[in-house]
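Next up, input_10.txt (compact mmCIF, C-alpha atoms and all ligand atoms):
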# COMPACT_ATOMS: atom_id res chain seq x y z
CA MET H 1 -14.90 -7.18 -0.77
CA LYS H 2 -15.68 -3.51 -1.46
CA THR H 3 -13.05 -0.80 -0.97
CA ARG H 4 -12.31 2.58 -2.52
CA ILE H 5 -10.17 0.73 -5.09
CA THR H 6 -12.91 -1.68 -6.21
CA GLU H 7 -15.24 1.31 -6.54
CA LEU H 8 -12.69 3.41 -8.45
CA PHE H 9 -11.86 0.72 -10.99
CA GLY H 10 -15.21 -1.11 -11.15
CA ILE H 11 -13.69 -4.45 -10.13
CA GLU H 12 -14.93 -7.18 -7.80
CA HIS H 13 -11.85 -7.67 -5.61
CA PRO H 14 -9.17 -5.16 -4.52
CA VAL H 15 -6.38 -7.16 -6.16
CA ILE H 16 -4.23 -5.73 -8.96
CA GLN H 17 -1.63 -7.42 -11.16
CA GLY H 18 1.18 -4.89 -11.61
CA GLY H 19 2.76 -4.34 -15.01
CA MET H 20 5.51 -6.85 -15.69
CA HIS H 21 7.89 -6.85 -18.63
CA TYR H 22 7.32 -9.96 -20.80
CA VAL H 23 4.70 -11.24 -18.33
CA GLY H 24 1.98 -8.60 -18.65
CA LEU H 25 0.64 -9.89 -21.94
CA ALA H 26 -3.02 -10.27 -22.91
CA GLU H 27 -3.33 -13.77 -21.38
CA MET H 28 -2.10 -12.58 -17.98
CA ALA H 29 -4.26 -9.48 -17.82
CA ALA H 30 -7.38 -11.30 -19.02
CA ALA H 31 -6.94 -14.12 -16.48
CA VAL H 32 -6.62 -11.68 -13.57
CA SER H 33 -9.53 -9.52 -14.71
CA ASN H 34 -11.75 -12.55 -15.33
CA ALA H 35 -10.99 -13.66 -11.77
CA GLY H 36 -12.36 -10.35 -10.46
CA GLY H 37 -9.06 -8.47 -10.05
CA LEU H 38 -7.48 -5.88 -12.32
CA GLY H 39 -5.19 -7.29 -15.01
CA ILE H 40 -2.63 -4.96 -16.57
CA ILE H 41 -0.93 -5.15 -19.98
CA THR H 42 2.67 -3.88 -19.99
CA ALA H 43 2.97 -1.39 -22.84
CA LEU H 44 6.73 -1.45 -23.31
CA THR H 45 6.85 -5.22 -23.86
CA GLN H 46 5.13 -4.40 -27.14
CA PRO H 47 7.67 -3.18 -29.71
CA SER H 48 5.42 -0.38 -30.99
CA PRO H 49 2.13 1.43 -30.26
CA ASP H 50 0.54 -0.61 -33.09
CA ASP H 51 1.53 -3.81 -31.33
CA LEU H 52 0.06 -2.50 -28.08
CA ALA H 53 -3.20 -1.79 -29.91
CA LYS H 54 -3.23 -5.41 -31.14
CA GLU H 55 -2.43 -6.73 -27.64
CA ILE H 56 -5.32 -4.73 -26.15
CA ALA H 57 -7.63 -6.09 -28.87
CA ARG H 58 -6.41 -9.64 -28.15
CA CYS H 59 -7.10 -9.13 -24.45
CA ARG H 60 -10.58 -7.82 -25.19
CA GLU H 61 -11.34 -11.10 -26.97
CA MET H 62 -10.52 -12.91 -23.72
CA THR H 63 -12.33 -10.67 -21.21
CA ASP H 64 -15.07 -8.09 -21.06
CA LYS H 65 -13.95 -6.94 -17.59
CA PRO H 66 -11.94 -3.76 -16.94
CA ILE H 67 -8.24 -4.01 -17.82
CA GLY H 68 -5.36 -1.58 -17.42
CA VAL H 69 -2.19 -0.63 -19.29
CA ASN H 70 1.17 -0.10 -17.56
CA LEU H 71 3.35 2.74 -18.79
CA THR H 72 6.86 2.52 -17.38
CA PHE H 73 8.94 5.66 -17.79
CA LEU H 74 12.46 4.36 -18.18
CA PRO H 75 15.46 6.06 -16.62
CA GLY H 76 18.29 7.44 -18.72
CA PHE H 77 18.43 7.79 -22.46
CA ALA H 78 15.79 5.32 -23.58
CA SER H 79 12.89 7.22 -25.01
CA PRO H 80 10.06 5.02 -26.25
CA ASP H 81 7.12 6.58 -28.13
CA TYR H 82 5.06 7.30 -25.00
CA PRO H 83 2.52 9.55 -26.78
CA GLY H 84 1.98 6.72 -29.29
CA TYR H 85 1.47 4.12 -26.54
CA ILE H 86 -0.97 6.45 -24.78
CA GLN H 87 -2.88 6.99 -28.02
CA ALA H 88 -3.13 3.21 -28.53
CA THR H 89 -4.42 2.88 -24.95
CA ILE H 90 -7.04 5.56 -25.46
CA GLU H 91 -8.15 4.19 -28.84
CA GLY H 92 -8.32 0.70 -27.32
CA GLY H 93 -10.89 2.03 -24.87
CA VAL H 94 -8.76 1.24 -21.81
CA LYS H 95 -9.82 3.41 -18.88
CA ILE H 96 -7.12 2.55 -16.36
CA VAL H 97 -3.39 3.30 -16.63
CA GLU H 98 -0.69 2.29 -14.17
CA THR H 99 2.30 4.60 -14.43
CA ALA H 100 5.72 3.87 -12.95
CA GLY H 101 9.36 4.88 -13.09
CA ARG H 102 9.00 8.65 -13.14
CA SER H 103 6.23 11.14 -12.47
CA PRO H 104 3.48 10.96 -15.12
CA GLU H 105 2.91 14.73 -14.76
CA SER H 106 3.53 15.68 -18.39
CA PHE H 107 1.05 13.05 -19.60
CA MET H 108 -1.72 13.81 -17.09
CA PRO H 109 -3.64 16.28 -19.32
CA VAL H 110 -3.97 13.78 -22.16
CA LEU H 111 -4.77 10.86 -19.80
CA LYS H 112 -7.37 12.80 -17.81
CA GLY H 113 -8.73 14.32 -21.02
CA ALA H 114 -9.52 10.76 -22.12
CA ASP H 115 -11.26 10.06 -18.79
CA ILE H 116 -8.59 7.58 -17.76
CA LYS H 117 -8.05 6.67 -14.11
CA VAL H 118 -4.34 6.88 -13.26
CA ILE H 119 -2.70 4.80 -10.54
CA HIS H 120 0.94 5.76 -10.07
CA LYS H 121 3.34 3.24 -8.59
CA CYS H 122 5.98 4.71 -6.33
CA THR H 123 8.29 3.76 -3.51
CA SER H 124 8.12 6.76 -1.19
CA VAL H 125 5.63 8.96 0.62
CA ARG H 126 6.98 12.10 -1.10
CA HIS H 127 6.41 10.64 -4.56
CA SER H 128 2.96 9.42 -3.48
CA LEU H 129 2.06 12.94 -2.37
CA LYS H 130 3.36 14.36 -5.63
CA ALA H 131 1.15 11.86 -7.50
CA GLU H 132 -1.84 13.04 -5.47
CA ASN H 133 -0.99 16.68 -6.16
CA ILE H 134 -0.77 16.23 -9.94
CA GLY H 135 -4.19 14.56 -10.05
CA CYS H 136 -3.54 10.82 -9.94
CA ASP H 137 -6.59 8.88 -8.78
CA ALA H 138 -4.69 6.35 -6.68
CA VAL H 139 -1.21 5.23 -5.74
CA SER H 140 0.44 1.82 -5.66
CA VAL H 141 2.85 2.06 -2.72
CA ASP H 142 5.74 -0.26 -3.47
CA GLY H 143 7.79 -1.32 -0.43
CA PHE H 144 11.40 -2.42 -0.23
CA GLU H 145 10.35 -6.08 -0.42
CA CYS H 146 9.09 -5.71 -3.98
CA GLY H 147 10.29 -7.47 -7.07
CA GLY H 148 11.67 -5.01 -9.62
CA HIS H 149 12.69 -1.48 -8.65
CA PRO H 150 12.26 -0.64 -4.94
CA GLY H 151 13.85 2.82 -5.28
CA GLU H 152 16.68 3.97 -3.07
CA ASP H 153 15.02 4.63 0.30
CA ASP H 154 14.75 0.99 1.46
CA ILE H 155 11.58 1.47 3.51
CA PRO H 156 9.65 -1.78 4.02
CA ASN H 157 5.88 -1.86 3.84
CA MET H 158 5.38 -2.20 7.61
CA ILE H 159 6.51 1.45 7.83
CA LEU H 160 5.79 2.75 4.32
CA LEU H 161 2.08 1.85 4.24
CA PRO H 162 1.06 3.47 7.54
CA ARG H 163 3.18 6.51 6.60
CA ALA H 164 1.31 6.72 3.29
CA ALA H 165 -1.96 6.41 5.22
CA GLU H 166 -0.93 9.36 7.42
CA GLU H 167 -0.36 11.61 4.43
CA LEU H 168 -2.57 10.60 1.50
CA SER H 169 -6.19 11.45 0.80
CA ILE H 170 -6.49 9.39 -2.40
CA PRO H 171 -6.76 5.59 -2.08
CA PHE H 172 -3.65 3.45 -2.30
CA VAL H 173 -2.85 -0.22 -2.67
CA ALA H 174 -0.05 -2.05 -0.91
CA SER H 175 2.53 -3.39 -3.34
CA GLY H 176 5.61 -5.52 -2.77
CA GLY H 177 6.00 -8.75 -0.86
CA ILE H 178 2.33 -9.68 -1.00
CA GLY H 179 0.99 -13.09 -1.92
CA ASN H 180 -1.58 -14.38 0.56
CA ALA H 181 -4.73 -13.68 2.56
CA GLN H 182 -2.98 -12.68 5.78
CA GLN H 183 -1.09 -10.01 3.88
CA LEU H 184 -4.26 -8.61 2.29
CA VAL H 185 -5.74 -8.24 5.78
CA ALA H 186 -2.50 -6.65 7.03
CA ALA H 187 -2.50 -4.22 4.08
CA LEU H 188 -6.07 -3.18 4.87
CA ALA H 189 -5.16 -2.79 8.55
CA LEU H 190 -2.22 -0.56 7.61
CA GLY H 191 -4.50 1.77 5.66
CA ALA H 192 -4.40 0.42 2.11
CA ASP H 193 -7.54 -0.18 0.05
CA GLY H 194 -6.19 -3.24 -1.71
CA ILE H 195 -3.07 -5.00 -2.95
CA ASN H 196 -0.88 -5.05 -6.03
CA MET H 197 1.10 -8.22 -6.77
CA GLY H 198 3.78 -9.04 -9.31
CA THR H 199 5.84 -12.11 -8.45
CA ARG H 200 2.85 -14.06 -7.06
CA PHE H 201 1.00 -13.73 -10.38
CA ILE H 202 3.94 -15.14 -12.36
CA ALA H 203 3.50 -18.49 -10.60
CA THR H 204 -0.01 -19.09 -11.98
CA THR H 205 -1.12 -21.47 -14.70
CA GLU H 206 -2.16 -18.64 -17.04
CA ALA H 207 1.02 -16.54 -16.74
CA PRO H 208 2.41 -16.60 -20.32
CA VAL H 209 5.96 -17.48 -19.27
CA HIS H 210 8.09 -20.62 -19.47
CA GLN H 211 7.42 -23.29 -16.85
CA ASN H 212 11.06 -22.90 -15.65
CA VAL H 213 10.27 -19.37 -14.45
CA LYS H 214 7.27 -20.54 -12.43
CA GLU H 215 9.28 -23.39 -10.93
CA ALA H 216 12.20 -21.10 -10.08
CA ILE H 217 9.80 -18.98 -8.01
CA VAL H 218 8.22 -21.98 -6.27
CA ASN H 219 11.67 -23.39 -5.47
CA ALA H 220 13.10 -20.09 -4.17
CA SER H 221 13.05 -18.95 -0.56
CA GLU H 222 12.80 -15.42 0.83
CA LEU H 223 16.62 -15.42 0.93
CA ASP H 224 17.07 -15.88 -2.81
CA THR H 225 16.70 -12.35 -4.17
CA ARG H 226 19.51 -9.84 -4.58
CA LEU H 227 19.71 -6.09 -5.15
CA ILE H 228 21.69 -5.01 -8.21
CA MET H 229 22.55 -1.68 -9.86
CA ARG H 230 22.54 0.23 -6.57
CA SER H 231 25.51 2.38 -7.55
CA LEU H 232 23.67 3.37 -10.74
CA ARG H 233 20.72 4.54 -8.57
CA ASN H 234 18.55 2.12 -10.50
CA THR H 235 18.33 -0.58 -7.83
CA GLU H 236 16.54 -3.73 -8.92
CA ARG H 237 15.51 -6.73 -6.83
CA VAL H 238 16.13 -9.87 -8.88
CA MET H 239 16.24 -13.64 -8.43
CA ASN H 240 19.77 -14.77 -7.64
CA ASN H 241 21.47 -16.88 -10.33
CA VAL H 242 24.82 -17.27 -12.08
CA ALA H 243 24.42 -14.05 -14.06
CA VAL H 244 23.48 -12.09 -10.93
CA GLU H 245 26.55 -13.42 -9.09
CA LYS H 246 28.60 -12.16 -12.03
CA ILE H 247 26.95 -8.73 -11.89
CA MET H 248 27.66 -8.48 -8.18
CA ALA H 249 31.30 -9.44 -8.70
CA VAL H 250 31.67 -6.69 -11.32
CA GLU H 251 29.87 -4.20 -9.05
CA LYS H 252 32.25 -5.04 -6.22
CA GLU H 253 35.26 -4.62 -8.44
CA LYS H 254 34.14 -1.34 -10.07
CA GLY H 255 32.51 0.30 -7.06
CA ASP H 256 31.13 3.75 -7.86
CA SER H 257 32.81 3.77 -11.27
CA LEU H 258 30.37 1.09 -12.50
CA GLY H 259 28.72 1.92 -15.83
CA ILE H 260 25.69 0.18 -17.31
CA GLU H 261 27.94 -1.06 -20.14
CA ASP H 262 29.88 -3.15 -17.57
CA ILE H 263 26.84 -5.33 -16.92
CA ALA H 264 24.97 -4.87 -20.20
CA GLU H 265 25.36 -8.52 -21.16
CA GLN H 266 23.51 -9.67 -18.05
CA VAL H 267 20.77 -6.99 -17.96
CA GLY H 268 20.18 -5.94 -21.57
CA GLY H 269 17.58 -7.74 -23.69
CA VAL H 270 17.56 -10.88 -21.54
CA TYR H 271 13.82 -11.00 -20.74
CA PRO H 272 12.64 -12.87 -23.87
CA LYS H 273 15.28 -15.55 -23.31
CA ILE H 274 14.25 -15.99 -19.69
CA MET H 275 10.49 -15.54 -19.83
CA GLN H 276 9.82 -17.22 -23.16
CA GLU H 277 12.66 -19.72 -23.59
CA GLY H 278 13.19 -20.52 -19.91
CA THR H 279 16.98 -20.02 -20.07
CA MET H 280 17.12 -19.04 -16.44
CA ASP H 281 20.81 -18.26 -15.97
CA VAL H 282 21.23 -15.95 -18.95
CA GLY H 283 20.60 -12.74 -17.03
CA ALA H 284 18.91 -10.85 -14.21
CA TRP H 285 15.12 -10.91 -13.87
CA SER H 286 12.95 -9.10 -11.34
CA CYS H 287 11.61 -11.21 -8.51
CA GLY H 288 10.34 -10.33 -5.05
CA MET H 289 11.09 -11.73 -1.59
CA VAL H 290 7.53 -13.06 -1.59
CA ALA H 291 8.96 -16.03 -3.52
CA GLY H 292 9.49 -17.53 -0.05
CA LEU H 293 5.71 -17.60 0.43
CA ILE H 294 4.91 -19.08 -2.98
CA HIS H 295 4.58 -22.85 -2.93
CA ASP H 296 2.28 -23.69 -5.82
CA ILE H 297 1.07 -22.73 -9.29
CA PRO H 298 -2.70 -22.14 -9.06
CA THR H 299 -5.00 -20.57 -11.62
CA CYS H 300 -5.58 -16.84 -11.18
CA GLN H 301 -9.15 -17.60 -10.12
CA GLU H 302 -7.97 -20.05 -7.45
CA LEU H 303 -5.34 -17.60 -6.24
CA ILE H 304 -7.62 -14.58 -5.99
CA ASP H 305 -10.46 -16.59 -4.42
CA ARG H 306 -8.04 -18.03 -1.89
CA ILE H 307 -6.74 -14.59 -0.96
CA VAL H 308 -10.09 -12.85 -0.78
CA ASP H 309 -12.01 -15.69 0.93
CA GLY H 310 -9.10 -16.24 3.31
CA ALA H 311 -9.04 -12.55 4.19
CA ASP H 312 -12.75 -12.60 4.87
CA GLU H 313 -12.32 -15.55 7.19
CA ILE H 314 -9.40 -13.95 9.06
CA ILE H 315 -11.36 -10.74 9.60
CA LYS H 316 -14.52 -12.51 10.76
CA GLU H 317 -12.89 -15.17 12.91
CA ARG H 318 -9.34 -14.53 14.07
CA LEU H 319 -9.55 -10.73 14.24
CA ALA H 320 -13.13 -10.61 15.53
CA SER H 321 -12.09 -12.89 18.37
CA PHE H 322 -9.71 -10.21 19.63
CA ALA H 323 -12.27 -7.41 19.53
C1 LIG E 1 9.36 -10.05 -13.68
C2 LIG E 1 8.88 -8.69 -13.26
C3 LIG E 1 8.84 -7.67 -14.20
C4 LIG E 1 8.38 -6.40 -13.83
N1 LIG E 1 8.31 -5.42 -14.79
C5 LIG E 1 7.76 -4.20 -14.46
C6 LIG E 1 7.59 -3.21 -15.46
O1 LIG E 1 7.94 -3.40 -16.64
N2 LIG E 1 7.02 -2.04 -15.08
C7 LIG E 1 6.63 -1.80 -13.78
O2 LIG E 1 6.09 -0.74 -13.50
N3 LIG E 1 6.80 -2.72 -12.82
C8 LIG E 1 7.34 -3.92 -13.13
N4 LIG E 1 7.47 -4.89 -12.15
C9 LIG E 1 7.02 -4.58 -10.77
C10 LIG E 1 5.58 -5.09 -10.52
O3 LIG E 1 4.63 -4.40 -11.27
C11 LIG E 1 5.18 -4.93 -9.04
O4 LIG E 1 5.22 -3.58 -8.67
C12 LIG E 1 6.09 -5.72 -8.12
O5 LIG E 1 6.34 -6.98 -8.67
C13 LIG E 1 5.47 -5.87 -6.74
O6 LIG E 1 6.29 -6.63 -5.91
P1 LIG E 1 6.11 -8.22 -5.71
O7 LIG E 1 6.81 -8.84 -6.86
O8 LIG E 1 6.77 -8.45 -4.42
O9 LIG E 1 4.65 -8.53 -5.73
C14 LIG E 1 7.96 -6.15 -12.49
C15 LIG E 1 8.03 -7.18 -11.55
C16 LIG E 1 8.47 -8.45 -11.91
C17 LIG E 1 8.51 -9.53 -10.86

Translate this structure into C-alpha cells?
Ligand SMILES: Cc1cc2nc3c(=O)[nH]c(=O)nc-3n(C[C@H](O)[C@H](O)[C@H](O)COP(=O)(O)O)c2cc1C
Amino acid sequence: MKTRITELFGIEHPVIQGGMHYVGLAEMAAAVSNAGGLGIITALTQPSPDDLAKEIARCREMTDKPIGVNLTFLPGFASPDYPGYIQATIEGGVKIVETAGRSPESFMPVLKGADIKVIHKCTSVRHSLKAENIGCDAVSVDGFECGGHPGEDDIPNMILLPRAAEELSIPFVASGGIGNAQQLVAALALGADGINMGTRFIATTEAPVHQNVKEAIVNASELDTRLIMRSLRNTERVMNNVAVEKIMAVEKEKGDSLGIEDIAEQVGGVYPKIMQEGTMDVGAWSCGMVAGLIHDIPTCQELIDRIVDGADEIIKERLASFA
C-alpha cells in the first residue's frame, strides 16, 4: 500500500510503531521495520546518549530497513540531555525522528540540518498546525482513545482525524485505539495516510517485555483503562490495576491540591519492574482502549500482514460493493 507516509519514510506499509518507554528497544523497532512498517527506538529509555548510540547500533545489526528514534519532551522539571540524544541519533545515521510531549521547535534547525524527517505526535488540531508551521514533515494525530498521554481536550479520533484533514497540508497518521485492518481503512477514509500503534505492538512475540504484560493486554477489555493525573494536566491512560486504584483514591481525596509527590510511588520508576520483571501491580503503565480488540500475540510480520492485507480486501470487496 502506497501513501504519502510510505513515500516520505521509504517504507513498504503505512504502519508506524510509536515510541514506548521500556518497549521501544532495538528488538521492537527492528521487528516492525523488518515487517515493512516503521520501528521506533525510544531515546529516553536509554540512560544516556551513549547508550542510545549503542541501541541504534544494535538495531542496525537486526535490520537494514529505515528506523526512527522517539524524542519525548517531558513536562516539568526533568531535563534530559536532548542535544546529546539528538547528536547520537544523527551520528547513528537515523533519518526519522518522532517527537512528542512538547513542540520540537527549538530542535528543528539541528534536525533539519541533518536531513532528518520529523513526525510530531500531538493530540489536537492546533498543535498539529503548529507542527506544520515550524517545518515538521508529518504529524501523528493521537486521539483520546490512545494509550499514554491523550492531552486534555478529550477529542476521539472519529472527530479529530477529519478535523486534522480539514486543516493540514502535510501528511498525518492516525494514532490511538488502532489495532486491526478495519481501523486502517477507517483511518484512510478519515483523511490519514497511515496508522501509528502502541498498545497493539506490545502484544507481539518480538516485543521485548515480560510475558505478563502481553497477557494483561490480551486479557483486558476496552473497559479496563483509566485516566490518571488529570488534575496535574498530565493525563495518562493506563491499564487499571491495584496501584491505579490507589492513585485514583488519592486523587479523589486530594482533588486539585494533588501533587506528583502524592502518587510518586505508583508512577515513578515503575516501568522496569513492570515491563522487564512482569510485576504488574507495582504501578501505572500506559495502555490504550484498543486492548479490547487485542486477542492474540502474533509476530510483527503476521500482525502487519494481517492489517495491510485485510485492509486491501475490505477496500476491494466490502467498500467496492457499496460504490
Ligand atoms: C507502554 C507505553 C509506553 C509509551 N511511552 C511513550 C513514550 O515514551 N513516548 C511517546 O511519545 N509515546 C509513548 N507512548 C504512546 C505511543 O507512542 C502511542 O502514541 C500510543 O500508544 C498510541 O495509542 P494506542 O496505544 O492506542 O495504539 C506509549 C504508549 C504505551 C502503551

Set up a box along x, y and z of the file covering all listed atoms of ligand LIG 1 (chain E), add 8 Å on every one of the six sides, and write the centre and edge lengths in Å to one decimal, as AutoDock Vina command-line options.
--center_x 7.0 --center_y -5.4 --center_z -10.5 --size_x 20.7 --size_y 25.3 --size_z 28.2

With the cut-off set at 6 Å and counting all atoms listed in the file, tabulate each residue of chain H with an atom at most that distance from an atom of ligand LIG 1 (chain E), showing the nearest atom pair and its distance in Å to one decimal, ordered by chain and increasing number, as JSON lines.
{"residue": "H:Gly18", "atom": "CA", "partner": "E:LIG1", "partner_atom": "O3", "distance": 3.5}
{"residue": "H:Gly19", "atom": "CA", "partner": "E:LIG1", "partner_atom": "O3", "distance": 4.2}
{"residue": "H:Met20", "atom": "CA", "partner": "E:LIG1", "partner_atom": "N1", "distance": 3.3}
{"residue": "H:His21", "atom": "CA", "partner": "E:LIG1", "partner_atom": "O1", "distance": 4.0}
{"residue": "H:Thr72", "atom": "CA", "partner": "E:LIG1", "partner_atom": "N2", "distance": 5.1}
{"residue": "H:Ala100", "atom": "CA", "partner": "E:LIG1", "partner_atom": "O2", "distance": 4.7}
{"residue": "H:Glu145", "atom": "CA", "partner": "E:LIG1", "partner_atom": "O8", "distance": 5.9}
{"residue": "H:Cys146", "atom": "CA", "partner": "E:LIG1", "partner_atom": "O6", "distance": 3.5}
{"residue": "H:Gly147", "atom": "CA", "partner": "E:LIG1", "partner_atom": "O7", "distance": 3.7}
{"residue": "H:Gly148", "atom": "CA", "partner": "E:LIG1", "partner_atom": "C15", "distance": 4.7}
{"residue": "H:Ser175", "atom": "CA", "partner": "E:LIG1", "partner_atom": "C13", "distance": 5.1}
{"residue": "H:Gly176", "atom": "CA", "partner": "E:LIG1", "partner_atom": "O6", "distance": 3.4}
{"residue": "H:Gly177", "atom": "CA", "partner": "E:LIG1", "partner_atom": "O8", "distance": 3.7}
{"residue": "H:Ile178", "atom": "CA", "partner": "E:LIG1", "partner_atom": "O9", "distance": 5.4}
{"residue": "H:Met197", "atom": "CA", "partner": "E:LIG1", "partner_atom": "O9", "distance": 3.7}
{"residue": "H:Gly198", "atom": "CA", "partner": "E:LIG1", "partner_atom": "O5", "distance": 3.3}
{"residue": "H:Thr199", "atom": "CA", "partner": "E:LIG1", "partner_atom": "O7", "distance": 3.8}
{"residue": "H:Arg200", "atom": "CA", "partner": "E:LIG1", "partner_atom": "O9", "distance": 6.0}
{"residue": "H:Trp285", "atom": "CA", "partner": "E:LIG1", "partner_atom": "C1", "distance": 5.8}
{"residue": "H:Ser286", "atom": "CA", "partner": "E:LIG1", "partner_atom": "C1", "distance": 4.4}
{"residue": "H:Cys287", "atom": "CA", "partner": "E:LIG1", "partner_atom": "C17", "distance": 4.2}
{"residue": "H:Gly288", "atom": "CA", "partner": "E:LIG1", "partner_atom": "O8", "distance": 4.1}
{"residue": "H:Val290", "atom": "CA", "partner": "E:LIG1", "partner_atom": "O8", "distance": 5.5}

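Closest approach to Met289 in chain H from the set H:Gly36, H:Pro272, H:Gly143, H:Gly194 is made by H:Gly143, with distances taken over only C-alpha atoms.
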
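Between Cys59 in chain H and the candidates H:Glu91, H:Leu223, H:Ala26, H:Ser33, the tightest atom-to-atom separation, counting all atoms listed in the file, involves H:Ala26.
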
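The smallest atom-to-atom distance between Leu44 in chain H and any of H:His13, H:Pro66, H:Glu277, H:Tyr85, using all atoms listed in the file, is found for H:Tyr85.
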
In Å, with one decimal, what is the gap from CA of Asp281 in chain H to CA of Val244 in chain H? 8.4 Å

So how many Å separate CA of Thr42 in chain H and CA of Tyr22 in chain H, to one decimal? 7.7 Å

Considering all atoms listed in the file, return as number ranges by chain whatever protein or nucleic-acid residues lie within 10 Å of Glu132 in chain H, sequence-local ones (same chain, fewer than 2 positions apart) excluded. H: 119-120, 126-130, 134-139, 168-171

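Proximity of H:Val185, H:Ala203, H:Ile16, H:Leu74 to Asp312 in chain H, computed with only C-alpha atoms, is greatest for H:Val185.
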
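Of note, CA of Ala192 in chain H and CA of Gln17 in chain H are spaced 15.7 Å apart.
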
Would you mind telling me which residue in H:Ile314, H:Val270, H:Cys300, H:Val238 lies nearest to Gln182 in chain H when using all atoms listed in the file? H:Ile314

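Remark: for Asp81 in chain H, the closest of the candidate residues H:Ile96, H:Val267, H:Ala43, H:Ile297 is H:Ala43 (distances computed over all atoms listed in the file).
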
Could you list, as number ranges by chain, every residue within 12 Å of Gly93 in chain H, counting all atoms listed in the file and ignoring same-chain residues fewer than 6 positions away? H: 53, 56-57, 59-60, 64-69, 86-87, 111, 114-116

Write out as a ChimeraX atom specification the residues lying within 8 Å of Asn212 in chain H, counting all atoms listed in the file and excluding same-chain residues fewer than 5 positions away. /H:278-280

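For Thr235 in chain H, the non-local neighbours within 8 Å, defined as residues at least 4 positions apart in the same chain or in other chains and counting all atoms listed in the file, are His149, Pro150, Gly151, Glu152, Leu227, Ile228, Met229, Arg230 and Ser231 of chain H.
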
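Those residues positioned at most 10 Å from (0.2, 17.0, -16.0) are H:Ser103, H:Pro104, H:Glu105, H:Ser106, H:Phe107, H:Met108, H:Pro109, H:Val110, H:Leu111, H:Lys112, H:Ala131, H:Asn133, H:Ile134, H:Gly135, H:Cys136, judged using all atoms listed in the file.
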